[in-house]
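Raw protein30.txt, compact mmCIF, C-alpha atoms and all ligand atoms:
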# COMPACT_ATOMS: atom_id res chain seq x y z
CA MET A 1 0.00 0.00 0.00
CA LYS A 2 1.61 3.23 -1.20
CA LYS A 3 0.85 6.51 0.56
CA TYR A 4 0.93 9.66 -1.56
CA PHE A 5 1.02 13.07 0.10
CA ILE A 6 -0.27 15.42 -2.62
CA THR A 7 -0.14 19.18 -2.18
CA GLY A 8 -2.37 21.37 -4.34
CA GLY A 9 -4.50 18.33 -5.17
CA CYS A 10 -7.65 20.40 -5.73
CA GLY A 11 -6.12 22.26 -8.68
CA PHE A 12 -5.97 21.22 -12.32
CA ILE A 13 -3.02 18.81 -12.52
CA GLY A 14 -3.17 17.71 -8.87
CA SER A 15 -6.80 16.58 -9.16
CA ASN A 16 -6.10 14.79 -12.44
CA PHE A 17 -3.12 13.10 -10.79
CA ILE A 18 -5.21 11.91 -7.83
CA ARG A 19 -7.80 10.49 -10.24
CA TYR A 20 -5.00 8.86 -12.23
CA ILE A 21 -3.57 7.17 -9.12
CA PHE A 22 -6.96 5.91 -7.92
CA ASN A 23 -7.69 4.57 -11.42
CA HIS A 24 -4.38 2.69 -11.56
CA ASP A 25 -3.75 1.50 -8.01
CA ASP A 26 -6.48 -0.25 -5.98
CA SER A 27 -4.68 0.11 -2.67
CA ALA A 28 -3.11 3.60 -2.90
CA VAL A 29 -3.81 6.04 -0.06
CA ILE A 30 -3.95 9.74 -0.95
CA ILE A 31 -3.51 12.58 1.49
CA ASN A 32 -4.35 15.92 -0.14
CA LEU A 33 -3.33 19.24 1.46
CA ASP A 34 -4.78 22.24 -0.36
CA LYS A 35 -5.34 25.82 0.74
CA LEU A 36 -8.31 26.16 -1.62
CA THR A 37 -7.25 29.40 -3.23
CA TYR A 38 -9.36 30.66 -6.16
CA ALA A 39 -7.72 27.86 -8.20
CA GLY A 40 -8.56 25.01 -5.80
CA ASN A 41 -11.96 23.39 -6.23
CA LEU A 42 -13.47 20.61 -4.10
CA LYS A 43 -15.76 19.71 -7.00
CA ASN A 44 -12.72 18.42 -8.90
CA LEU A 45 -12.51 15.44 -6.53
CA ALA A 46 -16.11 15.11 -5.28
CA GLU A 47 -16.26 11.47 -6.41
CA PHE A 48 -13.63 10.48 -3.79
CA ASN A 49 -15.22 12.17 -0.75
CA ASN A 50 -16.46 8.88 0.68
CA SER A 51 -13.35 6.86 -0.06
CA GLU A 52 -11.57 5.40 2.97
CA ARG A 53 -8.32 5.80 1.07
CA TYR A 54 -8.71 9.56 0.56
CA PHE A 55 -7.86 12.19 3.22
CA PHE A 56 -8.37 15.89 2.55
CA TYR A 57 -6.90 18.70 4.67
CA GLN A 58 -7.61 22.33 3.92
CA GLY A 59 -4.38 24.15 4.76
CA ASP A 60 -1.34 26.02 3.59
CA ILE A 61 1.95 24.36 2.61
CA CYS A 62 3.67 27.30 4.34
CA ASP A 63 2.17 26.19 7.68
CA SER A 64 4.70 23.85 9.28
CA LYS A 65 2.23 22.71 11.98
CA ILE A 66 -0.24 21.12 9.56
CA VAL A 67 2.51 19.67 7.36
CA LYS A 68 4.14 18.05 10.41
CA GLU A 69 0.81 16.70 11.63
CA ILE A 70 0.24 15.06 8.26
CA PHE A 71 3.70 13.46 8.31
CA LYS A 72 3.17 12.21 11.89
CA LYS A 73 -0.28 10.82 11.28
CA HIS A 74 0.05 9.35 7.77
CA LYS A 75 3.78 8.62 7.34
CA PRO A 76 3.64 9.19 3.56
CA ASP A 77 5.98 7.33 1.18
CA TYR A 78 5.88 10.01 -1.49
CA LEU A 79 5.30 13.74 -1.46
CA ILE A 80 4.36 15.34 -4.78
CA ASN A 81 4.37 19.12 -4.54
CA PHE A 82 1.86 20.53 -7.03
CA ALA A 83 0.81 23.43 -4.77
CA ALA A 84 1.70 26.77 -6.30
CA GLU A 85 0.42 30.04 -7.58
CA THR A 86 0.50 29.25 -11.28
CA HIS A 87 -0.86 32.00 -13.52
CA VAL A 88 1.82 34.15 -15.17
CA ASP A 89 -0.50 37.15 -15.72
CA ARG A 90 -1.37 37.28 -12.02
CA SER A 91 2.32 37.12 -11.10
CA LEU A 92 2.95 40.25 -13.15
CA GLY A 93 0.56 42.35 -11.06
CA GLU A 94 0.67 40.70 -7.63
CA PRO A 95 3.77 38.54 -7.19
CA ASP A 96 3.69 38.32 -3.36
CA ASP A 97 1.74 35.05 -3.09
CA PHE A 98 3.98 33.48 -5.74
CA ILE A 99 7.08 34.12 -3.68
CA GLN A 100 5.41 32.96 -0.50
CA THR A 101 3.78 29.75 -1.74
CA ASP A 102 6.08 28.70 -4.55
CA ILE A 103 9.34 29.28 -2.68
CA PHE A 104 8.65 29.41 1.06
CA GLY A 105 5.97 26.71 0.81
CA ALA A 106 8.37 24.37 -1.01
CA PHE A 107 11.03 25.13 1.63
CA ASN A 108 8.62 24.22 4.43
CA LEU A 109 7.75 20.90 2.76
CA LEU A 110 11.43 20.09 2.16
CA GLU A 111 12.35 20.87 5.79
CA THR A 112 9.54 18.69 7.14
CA ALA A 113 10.38 15.86 4.74
CA ARG A 114 13.98 16.06 5.94
CA GLU A 115 12.85 15.80 9.56
CA PHE A 116 10.50 12.83 9.04
CA GLY A 117 12.04 11.07 6.01
CA LEU A 118 10.25 9.57 2.99
CA GLU A 119 10.87 7.50 -0.17
CA ARG A 120 10.59 10.27 -2.77
CA PHE A 121 10.05 14.03 -2.80
CA ILE A 122 8.82 15.10 -6.25
CA GLN A 123 9.06 18.82 -6.90
CA ILE A 124 6.74 19.75 -9.78
CA SER A 125 8.69 22.47 -11.52
CA THR A 126 8.00 23.81 -15.04
CA ASP A 127 9.60 24.30 -18.46
CA GLU A 128 9.26 28.07 -17.86
CA VAL A 129 12.32 28.00 -15.58
CA TYR A 130 14.55 27.79 -18.67
CA GLY A 131 13.07 30.97 -20.13
CA SER A 132 12.41 31.47 -23.82
CA ILE A 133 14.22 29.75 -26.72
CA GLU A 134 14.10 30.88 -30.37
CA LYS A 135 15.49 27.68 -31.93
CA GLY A 136 16.26 24.19 -30.63
CA SER A 137 15.11 22.75 -27.30
CA PHE A 138 16.19 22.92 -23.68
CA SER A 139 17.85 19.95 -21.98
CA GLU A 140 17.92 19.38 -18.24
CA THR A 141 21.52 20.59 -17.96
CA ASP A 142 20.83 23.97 -19.59
CA ALA A 143 21.06 27.15 -17.56
CA LEU A 144 17.90 28.54 -15.99
CA MET A 145 16.81 31.99 -17.17
CA PRO A 146 13.27 32.59 -15.84
CA ARG A 147 11.80 35.86 -17.09
CA ASN A 148 8.68 36.53 -14.98
CA PRO A 149 7.90 36.43 -11.24
CA TYR A 150 6.02 33.12 -11.59
CA SER A 151 8.82 31.29 -13.37
CA ALA A 152 11.46 32.90 -11.16
CA SER A 153 9.67 31.68 -8.02
CA LYS A 154 9.39 28.19 -9.54
CA ALA A 155 13.09 28.27 -10.41
CA GLY A 156 13.86 29.17 -6.78
CA ALA A 157 11.90 26.17 -5.53
CA ASP A 158 13.41 23.92 -8.20
CA ARG A 159 16.97 24.72 -7.09
CA LEU A 160 16.07 24.67 -3.40
CA ALA A 161 14.68 21.16 -3.84
CA TYR A 162 17.91 20.11 -5.54
CA SER A 163 19.94 21.59 -2.68
CA TYR A 164 18.12 19.30 -0.22
CA PHE A 165 19.29 16.32 -2.29
CA ALA A 166 22.86 17.58 -2.63
CA THR A 167 23.19 18.69 1.00
CA TYR A 168 21.01 16.32 3.01
CA ASP A 169 20.51 13.31 0.68
CA LEU A 170 16.78 13.90 0.63
CA PRO A 171 15.48 11.70 -2.24
CA VAL A 172 14.34 14.58 -4.42
CA ILE A 173 13.37 14.37 -8.09
CA ILE A 174 12.45 17.46 -10.10
CA THR A 175 10.10 17.48 -13.08
CA ARG A 176 9.81 20.27 -15.66
CA ALA A 177 6.69 19.87 -17.77
CA SER A 178 5.37 21.88 -20.69
CA ASN A 179 1.90 23.48 -21.00
CA ASN A 180 -0.84 21.09 -19.91
CA TYR A 181 -4.41 20.95 -21.22
CA GLY A 182 -7.43 18.83 -20.33
CA PRO A 183 -10.49 18.76 -18.07
CA TYR A 184 -10.68 20.79 -14.82
CA GLN A 185 -8.24 23.55 -15.86
CA PHE A 186 -9.17 26.92 -14.38
CA PRO A 187 -10.67 29.10 -17.14
CA GLU A 188 -7.98 31.77 -16.93
CA LYS A 189 -5.40 29.73 -18.86
CA LEU A 190 -5.30 29.93 -22.67
CA ILE A 191 -7.19 26.78 -23.70
CA PRO A 192 -10.05 26.71 -21.14
CA LEU A 193 -10.44 30.51 -21.36
CA PHE A 194 -10.72 30.46 -25.14
CA VAL A 195 -12.96 27.38 -25.27
CA THR A 196 -15.39 28.75 -22.69
CA ASN A 197 -15.34 32.24 -24.26
CA ALA A 198 -16.10 30.71 -27.66
CA ILE A 199 -18.98 28.71 -26.18
CA GLU A 200 -20.35 31.97 -24.73
CA ASP A 201 -19.76 33.95 -27.98
CA LYS A 202 -17.20 36.15 -26.23
CA LYS A 203 -13.97 37.47 -27.73
CA LEU A 204 -10.79 35.35 -27.64
CA PRO A 205 -8.07 37.81 -26.50
CA VAL A 206 -4.82 36.86 -28.28
CA TYR A 207 -1.76 38.63 -26.83
CA GLY A 208 0.59 40.49 -29.20
CA ASP A 209 1.00 38.93 -32.64
CA GLY A 210 -0.16 35.49 -31.43
CA LYS A 211 2.98 33.81 -32.74
CA ASN A 212 4.26 32.70 -29.33
CA VAL A 213 4.80 28.96 -29.23
CA ARG A 214 3.92 26.50 -26.46
CA ASP A 215 4.37 22.72 -26.40
CA TRP A 216 1.04 21.16 -25.41
CA LEU A 217 0.94 18.11 -23.12
CA TYR A 218 -2.30 16.28 -22.33
CA VAL A 219 -2.73 16.20 -18.57
CA ASP A 220 -3.13 12.40 -18.35
CA ASP A 221 0.18 11.95 -20.17
CA HIS A 222 1.75 14.26 -17.61
CA CYS A 223 0.25 12.24 -14.74
CA GLU A 224 1.56 9.01 -16.25
CA ALA A 225 5.02 10.56 -16.61
CA ILE A 226 5.04 11.58 -12.93
CA GLN A 227 4.06 8.04 -11.89
CA TYR A 228 6.78 6.70 -14.17
CA ILE A 229 9.35 9.01 -12.59
CA ILE A 230 8.29 8.02 -9.06
CA ASP A 231 8.75 4.34 -9.97
CA SER A 232 11.75 4.50 -12.32
CA GLY A 233 13.39 7.92 -11.98
CA LYS A 234 16.72 8.44 -10.28
CA VAL A 235 17.00 10.61 -7.17
CA GLY A 236 18.77 13.92 -7.59
CA GLU A 237 17.75 14.05 -11.26
CA ILE A 238 15.62 16.45 -13.29
CA TYR A 239 13.22 15.21 -15.98
CA ASN A 240 11.74 17.31 -18.77
CA ILE A 241 8.20 16.25 -19.72
CA GLY A 242 6.92 17.55 -23.04
CA GLY A 243 3.98 16.71 -25.27
CA GLY A 244 5.80 17.13 -28.58
CA ASN A 245 3.04 19.41 -29.90
CA GLU A 246 4.46 22.87 -30.53
CA LEU A 247 1.82 25.31 -31.78
CA THR A 248 1.46 29.07 -31.99
CA ASN A 249 -1.33 30.70 -30.02
CA ILE A 250 -3.01 31.60 -33.32
CA GLN A 251 -3.07 27.92 -34.31
CA ILE A 252 -4.67 27.05 -30.96
CA THR A 253 -7.21 29.86 -31.36
CA ASP A 254 -8.18 28.79 -34.90
CA LEU A 255 -8.54 25.17 -33.83
CA ILE A 256 -10.85 26.16 -30.96
CA LEU A 257 -13.00 28.36 -33.23
CA LYS A 258 -13.28 25.50 -35.74
CA GLU A 259 -14.20 22.88 -33.12
CA THR A 260 -16.81 25.15 -31.54
CA ASN A 261 -18.19 26.30 -34.93
CA LYS A 262 -17.60 29.96 -34.07
CA PRO A 263 -16.63 32.79 -36.43
CA GLU A 264 -13.14 34.14 -37.00
CA SER A 265 -14.45 37.55 -35.84
CA LEU A 266 -14.28 36.34 -32.20
CA LYS A 267 -10.49 36.35 -32.44
CA GLN A 268 -9.16 39.67 -31.10
CA PHE A 269 -5.52 40.72 -30.89
CA ILE A 270 -4.80 42.77 -27.76
CA ARG A 271 -1.72 44.30 -26.15
CA ASP A 272 1.07 41.83 -25.39
CA ARG A 273 1.80 40.26 -22.00
CA LEU A 274 4.73 42.01 -20.29
CA GLY A 275 7.95 40.04 -20.79
CA HIS A 276 6.01 37.49 -22.88
CA ASP A 277 8.21 34.42 -23.46
CA ARG A 278 8.31 33.72 -27.20
CA ARG A 279 8.76 29.98 -27.30
CA TYR A 280 9.12 27.04 -24.93
CA SER A 281 10.60 23.80 -26.17
CA LEU A 282 11.92 20.75 -24.34
CA ASN A 283 14.29 17.95 -25.23
CA CYS A 284 12.69 14.94 -23.48
CA GLU A 285 15.21 12.26 -24.44
CA LYS A 286 16.20 11.63 -20.84
CA LEU A 287 12.66 10.51 -20.03
CA THR A 288 11.96 8.74 -23.31
CA ASN A 289 15.23 6.85 -22.86
CA ILE A 290 13.80 5.23 -19.73
CA GLY A 291 10.61 4.30 -21.57
CA TRP A 292 7.96 7.07 -21.20
CA ARG A 293 6.19 8.56 -24.19
CA PRO A 294 3.03 10.68 -24.40
CA LYS A 295 0.17 8.39 -25.52
CA HIS A 296 -2.46 10.92 -26.54
CA ASP A 297 -2.86 12.25 -30.05
CA PHE A 298 -3.05 16.07 -29.80
CA HIS A 299 -6.09 16.59 -32.06
CA LYS A 300 -8.12 13.80 -30.45
CA ALA A 301 -7.26 14.94 -26.91
CA MET A 302 -8.08 18.58 -27.81
CA LYS A 303 -11.44 17.50 -29.21
CA PHE A 304 -12.12 15.49 -26.04
CA THR A 305 -11.11 18.51 -23.92
CA ILE A 306 -13.32 20.94 -25.86
CA ASP A 307 -16.26 18.51 -25.59
CA TRP A 308 -15.62 18.23 -21.85
CA TYR A 309 -15.96 22.03 -21.43
CA LYS A 310 -19.07 22.00 -23.67
CA GLN A 311 -20.64 19.36 -21.41
CA ASN A 312 -19.51 20.76 -18.07
CA GLY A 313 -20.81 24.31 -17.96
CA ASP A 314 -21.93 23.62 -14.36
CA TRP A 315 -18.26 23.26 -13.47
CA TRP A 316 -16.80 26.35 -15.18
CA LYS A 317 -19.66 28.89 -15.29
CA PRO A 318 -19.52 29.66 -11.54
CA LEU A 319 -15.74 30.10 -11.84
CA LYS A 320 -16.21 32.85 -14.42
CA SER A 321 -18.26 35.02 -12.06
CA GLY A 322 -17.70 36.79 -8.72
CA GLU A 323 -14.11 37.63 -7.79
CA TYR A 324 -12.75 36.10 -10.97
CA LEU A 325 -14.99 38.26 -13.13
CA LYS A 326 -13.58 41.34 -11.38
CA TYR A 327 -10.03 40.18 -12.12
CA TYR A 328 -10.95 39.33 -15.69
CA LYS A 329 -12.57 42.71 -16.39
CA LYS A 330 -9.56 44.56 -14.93
CA HIS A 331 -7.09 42.44 -16.85
CA TYR A 332 -8.86 42.48 -20.21
CA LYS A 333 -10.08 46.07 -20.02
CA GLU A 334 -9.38 46.61 -23.74
CA LEU A 335 -12.00 44.08 -24.86
P1 LIG B 401 -3.57 25.25 -10.36
O1 LIG B 401 -3.42 26.72 -10.23
O2 LIG B 401 -4.70 24.71 -11.16
O3 LIG B 401 -3.69 24.60 -8.90
C1 LIG B 401 -2.86 24.96 -7.84
C2 LIG B 401 -3.43 24.34 -6.58
O4 LIG B 401 -2.56 24.67 -5.48
C3 LIG B 401 -4.84 24.85 -6.20
O5 LIG B 401 -5.65 23.79 -5.82
C4 LIG B 401 -4.55 25.79 -5.02
O6 LIG B 401 -5.65 25.88 -4.12
C5 LIG B 401 -3.35 25.11 -4.38
N1 LIG B 401 -2.54 26.04 -3.58
C6 LIG B 401 -2.10 27.27 -3.93
N2 LIG B 401 -1.39 27.82 -2.92
C7 LIG B 401 -1.37 26.89 -1.92
C8 LIG B 401 -0.77 26.86 -0.62
N3 LIG B 401 -0.08 27.89 -0.15
N4 LIG B 401 -0.94 25.75 0.12
C9 LIG B 401 -1.66 24.70 -0.33
N5 LIG B 401 -2.25 24.68 -1.54
C10 LIG B 401 -2.09 25.77 -2.34
O7 LIG B 401 -2.18 24.70 -10.89
P2 LIG B 401 -1.84 23.57 -11.96
O8 LIG B 401 -1.93 24.14 -13.30
O9 LIG B 401 -2.59 22.34 -11.61
O10 LIG B 401 -0.28 23.36 -11.65
C11 LIG B 401 0.15 22.44 -10.65
C12 LIG B 401 1.66 22.46 -10.58
O11 LIG B 401 2.21 22.11 -11.84
C13 LIG B 401 2.23 23.82 -10.23
O12 LIG B 401 3.33 23.62 -9.37
C14 LIG B 401 2.70 24.39 -11.56
O13 LIG B 401 3.78 25.28 -11.40
C15 LIG B 401 3.12 23.10 -12.27
N6 LIG B 401 3.04 23.13 -13.74
C16 LIG B 401 1.87 23.47 -14.36
C17 LIG B 401 1.78 23.40 -15.76
C18 LIG B 401 0.50 23.76 -16.48
O14 LIG B 401 0.52 23.83 -17.71
N7 LIG B 401 -0.61 23.97 -15.80
C19 LIG B 401 2.90 22.99 -16.49
C20 LIG B 401 4.09 22.67 -15.82
C21 LIG B 401 4.13 22.72 -14.44
O1 LIG B 402 4.84 26.09 -19.67
C1 LIG B 402 4.29 25.64 -18.47
C2 LIG B 402 3.47 26.75 -17.87
O2 LIG B 402 2.31 26.87 -18.70
C3 LIG B 402 3.05 26.50 -16.44
O3 LIG B 402 4.21 26.45 -15.64
C4 LIG B 402 2.12 27.61 -15.95
O4 LIG B 402 1.66 27.33 -14.64
C5 LIG B 402 0.93 27.68 -16.89
O5 LIG B 402 0.07 28.74 -16.51
C6 LIG B 402 1.39 27.86 -18.33
O6 LIG B 402 1.97 29.18 -18.53
P1 LIG B 402 1.71 30.02 -19.88
O7 LIG B 402 1.94 31.42 -19.60
O8 LIG B 402 2.43 29.40 -21.01
O9 LIG B 402 0.14 29.65 -20.04
P2 LIG B 402 -1.12 30.57 -20.39
O10 LIG B 402 -2.28 29.62 -20.59
O11 LIG B 402 -1.31 31.68 -19.44
O12 LIG B 402 -0.72 31.20 -21.81
C7 LIG B 402 -0.38 30.37 -22.91
C8 LIG B 402 -0.04 31.28 -24.08
O13 LIG B 402 -1.23 31.96 -24.49
C9 LIG B 402 0.95 32.37 -23.73
O14 LIG B 402 1.78 32.61 -24.87
C10 LIG B 402 0.09 33.59 -23.46
C11 LIG B 402 -1.08 33.38 -24.40
N1 LIG B 402 -2.39 33.93 -23.94
C12 LIG B 402 -2.82 33.56 -22.71
C13 LIG B 402 -4.02 34.05 -22.23
C14 LIG B 402 -4.52 33.67 -20.86
C15 LIG B 402 -3.12 34.76 -24.78
O15 LIG B 402 -2.72 35.06 -25.91
N2 LIG B 402 -4.30 35.24 -24.29
C16 LIG B 402 -4.78 34.93 -23.05
O16 LIG B 402 -5.88 35.44 -22.68

The structure given in the file should be rewritten as structure tokens.
Ligand code: NAD
Ligand code: DAU
Amino acid sequence: MKKYFITGGCGFIGSNFIRYIFNHDDSAVIINLDKLTYAGNLKNLAEFNNSERYFFYQGDICDSKIVKEIFKKHKPDYLINFAAETHVDRSLGEPDDFIQTDIFGAFNLLETAREFGLERFIQISTDEVYGSIEKGSFSETDALMPRNPYSASKAGADRLAYSYFATYDLPVIITRASNNYGPYQFPEKLIPLFVTNAIEDKKLPVYGDGKNVRDWLYVDDHCEAIQYIIDSGKVGEIYNIGGGNELTNIQITDLILKETNKPESLKQFIRDRLGHDRRYSLNCEKLTNIGWRPKHDFHKAMKFTIDWYKQNGDWWKPLKSGEYLKYYKKHYKEL
């Protein structure tokens, strides 16, 4: 029986990872610590509420008391740190929570893991820590050059996690994944924002010239890669995880308009994001060399994702109101 301590499990990737584990391991125990920020949603995991193998704690990864209590009570084998402030645009205006959660929170988890011990500490980092690349792809040994407060805070946590391996032999592994897409992604990120706007006949606000490139990874492929790395990865190592689907934002926008049968006129170019990274690209040979490959075809998984948002208005409509609507109106004031 494996015990997984998941932080940020009520967010997009964390909730998909918990579902992935329960679907693949009949005896796994999951302990989920989540602060329930605007991005955390209990509905994402409602189906597990009555499971005897699922424990949910509402709390902050920066709070050493609750983290220690969880270690004492559950003695987890693995800690997978998904908890973070994750939206680049928010980090440009209000970076404070990014520094606190993404760096100090990771530090608190590392310190507690060091005190209690565990089998693996997986720090979920991001491809954004490398910064932007015009040509070619980043390998794990390349220098880090984060260019916005979000990616800089993630780079801080990434290197701090490594330091706990190098200094204290804590069994840390770091993953750096590319842009994820799939069900349960908060509708502030490109794909769910544009899909839900298209469904509602609202404008799709493309930043700058729309030629920025991201490498799209289906969330289930990411979850499988993390499980693979827990089982077969080497401690002290970093693993890039990419989808192998590099597209410009215009290509993504056009695909969404086509799949939702909406007119080209919904596409609107607006002022660029500050410090907008032009292109992300990963060399994933290190991971493919130990046997992992993304299984999902991009076009099929995008169609599935778009259909999921079409069918789950009850999930995303409430998220596009209230506080979020205030943020959205302020942020997209040109529309
Ligand atoms: P998300 O914003 O959807 O979810 C983040 C979760 O963390 C939420 O449930 C939130 O309530 C929780 N949280 C935030 N602050 C917390 C705190 N102080 N204590 C406890 N919980 C807290 O994020 P996501 O897109 O699922 O990303 C998960 C992780 O994966 C992040 O570390 C992110 O940097 C990384 N990542 C994301 C992507 C992507 O494309 N989404 C790609 C690569 C890496
Ligand atoms: O690369 C991994 C990263 O991907 C993760 O670490 C981050 O947590 C995640 O938010 C994501 O960051 P991006 O900035 O790449 O994702 P976002 O969905 O915000 O934007 C994707 C691209 O789309 C980017 O070039 C900006 C552009 N964009 C985004 C929004 C929200 C637009 O043109 N218009 C928009 O309204």

Spatial neighbours of Pro192 (chain A), 12 Å, all atoms listed in the file, chain gap at least 4 places, as a ChimeraX atom specification: /A:12,180-188,196-199,204,252-253,256,302,305-310,312-313,315-317,319-320

Coordinates-based distance that separates CA of Ile173 (chain A) from CA of His296 (chain A) (Å, one decimal): 24.6 Å

Closest of A:Asn148, A:Asp272, A:Lys203, A:Ile6 to Glu94 (chain A) - atom-to-atom distances counting all atoms listed in the file: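 Checking each of A:Asn148, A:Asp272, A:Lys203, A:Ile6 against Glu94 (chain A), counting all atoms listed in the file, the winner is A:Asn148.
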
Interatomic distance (Å, one decimal) between CA of Leu274 (chain A) and atom C2 of ligand LIG 402 (chain B): 15.5 Å

Residues within 7 Å of ligand LIG 402 (chain B), counting only C-alpha atoms and all ligand atoms, as an MDAnalysis selection string: chainID A and resid 86:89 126:128 177:180 188:191 193 204:207 210 212:214 249 276:277 280

Given all atoms listed in the file, how would the per-residue table for chain A near ligand LIG 401 (chain B) read, listing every residue at most 8 Å away with its closest atom pair and distance in Å to one decimal, sorted by chain and number, as CSV?
residue,atom,partner,partner_atom,distance
A:Thr7,CA,B:LIG401,N5,5.9
A:Gly8,CA,B:LIG401,O4,3.5
A:Gly9,CA,B:LIG401,O5,5.6
A:Cys10,CA,B:LIG401,O5,3.9
A:Gly11,CA,B:LIG401,O5,3.3
A:Phe12,CA,B:LIG401,O9,3.6
A:Ile13,CA,B:LIG401,O9,3.7
A:Gly14,CA,B:LIG401,O9,5.4
A:Ser15,CA,B:LIG401,O9,7.5
A:Leu33,CA,B:LIG401,C9,6.0
A:Asp34,CA,B:LIG401,N5,3.7
A:Lys35,CA,B:LIG401,C9,4.0
A:Leu36,CA,B:LIG401,O6,3.7
A:Thr37,CA,B:LIG401,O6,4.0
A:Tyr38,CA,B:LIG401,O6,6.4
A:Ala39,CA,B:LIG401,C3,4.6
A:Gly40,CA,B:LIG401,O5,3.2
A:Asn41,CA,B:LIG401,O5,6.3
A:Gln58,CA,B:LIG401,C9,7.7
A:Gly59,CA,B:LIG401,C9,5.8
A:Asp60,CA,B:LIG401,N4,3.5
A:Ile61,CA,B:LIG401,N4,4.1
A:Cys62,CA,B:LIG401,N3,5.9
A:Asn81,CA,B:LIG401,O12,6.7
A:Phe82,CA,B:LIG401,C12,4.0
A:Ala83,CA,B:LIG401,O4,3.7
A:Ala84,CA,B:LIG401,C6,4.5
A:Glu85,CA,B:LIG401,C6,5.2
A:Thr86,CA,B:LIG401,O1,4.8
A:His87,CA,B:LIG401,O1,6.7
A:Asp97,CA,B:LIG401,N2,7.9
A:Gln100,CA,B:LIG401,N3,7.5
A:Thr101,CA,B:LIG401,N3,4.6
A:Asp102,CA,B:LIG401,O12,7.5
A:Gly105,CA,B:LIG401,N3,6.2
A:Gln123,CA,B:LIG401,O12,7.9
A:Ile124,CA,B:LIG401,O12,5.2
A:Ser125,CA,B:LIG401,C21,5.4
A:Thr126,CA,B:LIG401,C21,4.1
A:Asp127,CA,B:LIG401,C20,6.3
A:Glu128,CA,B:LIG401,C20,7.7
A:Lys154,CA,B:LIG401,O13,6.6
A:Arg176,CA,B:LIG401,C20,6.2
A:Ala177,CA,B:LIG401,C20,4.3
A:Ser178,CA,B:LIG401,C19,5.0
A:Asn179,CA,B:LIG401,O14,3.6
A:Asn180,CA,B:LIG401,O14,3.8
A:Tyr181,CA,B:LIG401,O14,6.7
A:Gln185,CA,B:LIG401,O2,6.0
A:Phe186,CA,B:LIG401,O2,5.9
A:Leu217,CA,B:LIG401,O14,7.9

Please list, as an mmCIF file with C-alpha atoms, in the frame of the given file, the residues that have an atom at most 12 Å away from (19.7, 8.9, -10.1) in the coordinates of this file, counting only C-alpha atoms.
data_model
loop_
_atom_site.group_PDB
_atom_site.id
_atom_site.type_symbol
_atom_site.label_atom_id
_atom_site.label_comp_id
_atom_site.auth_asym_id
_atom_site.auth_seq_id
_atom_site.Cartn_x
_atom_site.Cartn_y
_atom_site.Cartn_z
ATOM 1 C CA ARG A 120 10.590 10.270 -2.770
ATOM 2 C CA PHE A 165 19.290 16.320 -2.290
ATOM 3 C CA ALA A 166 22.860 17.580 -2.630
ATOM 4 C CA ASP A 169 20.510 13.310 0.680
ATOM 5 C CA PRO A 171 15.480 11.700 -2.240
ATOM 6 C CA VAL A 172 14.340 14.580 -4.420
ATOM 7 C CA ILE A 173 13.370 14.370 -8.090
ATOM 8 C CA ILE A 174 12.450 17.460 -10.100
ATOM 9 C CA ILE A 229 9.350 9.010 -12.590
ATOM 10 C CA ILE A 230 8.290 8.020 -9.060
ATOM 11 C CA ASP A 231 8.750 4.340 -9.970
ATOM 12 C CA SER A 232 11.750 4.500 -12.320
ATOM 13 C CA GLY A 233 13.390 7.920 -11.980
ATOM 14 C CA LYS A 234 16.720 8.440 -10.280
ATOM 15 C CA VAL A 235 17.000 10.610 -7.170
ATOM 16 C CA GLY A 236 18.770 13.920 -7.590
ATOM 17 C CA GLU A 237 17.750 14.050 -11.260
ATOM 18 C CA ILE A 238 15.620 16.450 -13.290
ATOM 19 C CA TYR A 239 13.220 15.210 -15.980
ATOM 20 C CA LYS A 286 16.200 11.630 -20.840
ATOM 21 C CA ILE A 290 13.800 5.230 -19.730
#

Ref. answer, residues at most 6 Å from (11.8, 22.9, -4.5) with all atoms listed in the file, as a ChimeraX atom specification: /A:106,123,157-158,160-161

Between CA of Ile122 (chain A) and CA of Asn16 (chain A), distance in Å (one decimal):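 According to the coordinates, CA of Ile122 (chain A) and CA of Asn16 (chain A) are separated by 16.2 Å.
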
Residue neighbourhood Ser64 (chain A), 8 Å, only C-alpha atoms, exclusion window fewer than 4 positions, as a list in words: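 Here the answer would be Lys68, Asn108, Leu109 and Thr112 of chain A.
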
Can those selected residues be exported to a file as an mmCIF file, in the coordinates of the input so that it contains C-alpha atoms?
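Below is the file that was written, selection_18.cif:
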data_model
loop_
_atom_site.group_PDB
_atom_site.id
_atom_site.type_symbol
_atom_site.label_atom_id
_atom_site.label_comp_id
_atom_site.auth_asym_id
_atom_site.auth_seq_id
_atom_site.Cartn_x
_atom_site.Cartn_y
_atom_site.Cartn_z
ATOM 1 C CA LYS A 68 4.140 18.050 10.410
ATOM 2 C CA ASN A 108 8.620 24.220 4.430
ATOM 3 C CA LEU A 109 7.750 20.900 2.760
ATOM 4 C CA THR A 112 9.540 18.690 7.140
#

Nearest candidate to Glu259 (chain A) (options A:His74, A:Lys65, A:Arg19, A:Lys300; using all atoms listed in the file): A:Lys300

Leu170 (chain A) surroundings by only C-alpha atoms, 9 Å radius, close-in-sequence under 6 positions cut, as JSON, numbers by chain: {"A": [110, 113, 114, 117, 118, 119, 120, 121, 161, 162, 163, 164, 235, 236]}

Spatial neighbours of Leu282 (chain A), 10 Å, all atoms listed in the file, chain gap at least 4 places, as a ChimeraX atom specification: /A:127,130,133,136-140,176-178,215,240-244,246

Of the listed residues A:Arg90, A:Lys75, A:Lys295, A:Lys43, that which approaches Lys330 (chain A) most closely, counting all atoms listed in the file: A:Arg90
